[in-house]
Amino acid sequence: MSKHYFVTGTDTEIGKTTIAAGLLHAARLRGLTTAGVKPVAAGCERTPDGLRNEDALALQAECNPELAYELINPVTLEAAIAPHIAAREENVPLTAQALAGACRQVFDRQADLTLVEGAGGWCVPLNDDELLSEVAIALKLPVVLVVGMRLGCINHALLSCRAIAADGLHLAGWVANHVDPDMSRQAENLATLKALIKAPCLGVVPRLETADAAAVAAHLQVTPLV
């Protein structure tokens, strides 16, 4: 039975793609089919094949069987800024309904594990009226929360958990990702998060010299998701 999840984070630049790719890689090691979706990506580079986003390419590399880039990342925005601002400046329509429809096209492939990666945190705007989280709500997706381990992470994590619950979605699990190697009292902060977040911890990822999907997968548990 295929399983679908929405991957969000406590902030931007805290390793959502790193963790999502690691989870997909861990699933592949178990012989499962995988798919990744980055429905909207801001910060794309022009290539001979069109606009391409580094995060979406990382997800594509962990899709088994292979998926066309356009399925993984249907909305590409060149400017590396908030998606709703980039979409407005680039005259690209951006709605929750359209993004949810694009995700369903990938769900139809019926991979054992499909991860939909958001942008930034839970409450990122799509337009003047909608948030990106409304895509997860429309699809009724359980959520995986990536907690960037740095000063302030407890507040950010607990607020994110409350927002996810308030939107009526289930927190399927969370991952602690050490983004600040100089964070003081890492162990104590981690213990507090484990005590207060009422969902399985899928892994604790240290600061890695090479944070590729295979290296990250070694620190993750995909079993609770599949």
# chains A, B, ... in the order shown; residues from 1 in each chain; ligands from 1
>>> select_by_dssp(residues="chain A", states="strand (DSSP E)", output="VMD selection string")
chain A and resid 3 to 9 34 to 37 40 to 42 45 to 47 50 to 52 75 to 77 113 to 117 143 to 148 171 to 177 201 to 205
>>> residues_around(residues="region 149-162 of chain A", least_positions_apart="6", cutoff="10 Å", atoms="only C-alpha atoms", output="VMD selection string")
chain A and resid 8 to 11 14 121 to 123 143 168 to 171 174 to 186 189 to 190 192 to 193 196 to 199 204 to 207
>>> closest_atom_pairs(of="region 2-45 of chain A", to="region 51-75 of chain A", cutoff="10 Å", atoms="only C-alpha atoms", output="JSON lines")
{"residue": "A:Gly15", "atom": "CA", "partner": "A:Asp55", "partner_atom": "CA", "distance": 10.0}
{"residue": "A:Lys16", "atom": "CA", "partner": "A:Asp55", "partner_atom": "CA", "distance": 9.1}
{"residue": "A:Thr17", "atom": "CA", "partner": "A:Asp55", "partner_atom": "CA", "distance": 5.9}
{"residue": "A:Thr18", "atom": "CA", "partner": "A:Ala58", "partner_atom": "CA", "distance": 8.2}
{"residue": "A:Ala20", "atom": "CA", "partner": "A:Leu59", "partner_atom": "CA", "distance": 7.4}
{"residue": "A:Ala21", "atom": "CA", "partner": "A:Leu59", "partner_atom": "CA", "distance": 5.6}
{"residue": "A:Gly22", "atom": "CA", "partner": "A:Glu62", "partner_atom": "CA", "distance": 8.5}
{"residue": "A:Leu23", "atom": "CA", "partner": "A:Glu62", "partner_atom": "CA", "distance": 9.2}
{"residue": "A:Leu24", "atom": "CA", "partner": "A:Glu62", "partner_atom": "CA", "distance": 6.0}
{"residue": "A:His25", "atom": "CA", "partner": "A:Glu62", "partner_atom": "CA", "distance": 6.0}
{"residue": "A:Ala26", "atom": "CA", "partner": "A:Glu62", "partner_atom": "CA", "distance": 9.6}
{"residue": "A:Ala27", "atom": "CA", "partner": "A:Glu62", "partner_atom": "CA", "distance": 9.5}
{"residue": "A:Arg28", "atom": "CA", "partner": "A:Asn64", "partner_atom": "CA", "distance": 7.4}
{"residue": "A:Gly31", "atom": "CA", "partner": "A:Asn64", "partner_atom": "CA", "distance": 9.6}
{"residue": "A:Leu32", "atom": "CA", "partner": "A:Asn64", "partner_atom": "CA", "distance": 8.1}
{"residue": "A:Thr33", "atom": "CA", "partner": "A:Asn64", "partner_atom": "CA", "distance": 5.2}
{"residue": "A:Thr34", "atom": "CA", "partner": "A:Asn64", "partner_atom": "CA", "distance": 5.0}
{"residue": "A:Ala35", "atom": "CA", "partner": "A:Cys63", "partner_atom": "CA", "distance": 4.7}
{"residue": "A:Gly36", "atom": "CA", "partner": "A:Leu59", "partner_atom": "CA", "distance": 5.4}
{"residue": "A:Val37", "atom": "CA", "partner": "A:Ile72", "partner_atom": "CA", "distance": 4.4}
{"residue": "A:Lys38", "atom": "CA", "partner": "A:Asn73", "partner_atom": "CA", "distance": 4.9}
{"residue": "A:Pro39", "atom": "CA", "partner": "A:Asn73", "partner_atom": "CA", "distance": 5.0}
{"residue": "A:Val40", "atom": "CA", "partner": "A:Val75", "partner_atom": "CA", "distance": 4.7}
{"residue": "A:Ala41", "atom": "CA", "partner": "A:Val75", "partner_atom": "CA", "distance": 6.4}
{"residue": "A:Ala42", "atom": "CA", "partner": "A:Asn53", "partner_atom": "CA", "distance": 7.6}
{"residue": "A:Gly43", "atom": "CA", "partner": "A:Asn53", "partner_atom": "CA", "distance": 6.4}
{"residue": "A:Cys44", "atom": "CA", "partner": "A:Asn53", "partner_atom": "CA", "distance": 4.4}
{"residue": "A:Glu45", "atom": "CA", "partner": "A:Arg52", "partner_atom": "CA", "distance": 5.3}
>>> closest_atom_pairs(of="region 7-106 of chain A", to="region 134-138 of chain A", cutoff="8 Å", atoms="only C-alpha atoms", output="CSV")
residue,atom,partner,partner_atom,distance
A:Ala96,CA,A:Val135,CA,5.1
A:Gln97,CA,A:Val135,CA,7.1
A:Leu99,CA,A:Val135,CA,6.6
A:Ala100,CA,A:Val135,CA,5.4
>>> select_by_dssp(residues="region 61-224 of chain A", states="alpha helix (DSSP H)", output="ChimeraX atom specification")
/A:69-72,83-89,96-107,133-139,153-166,186-196,213-217
>>> atom_distance(atom1="CA of His219 (chain A)", atom2="CA of Gly173 (chain A)")
14.3 Å
>>> atom_distance(atom1="CA of Leu115 (chain A)", atom2="CA of Asn127 (chain A)")
23.1 Å
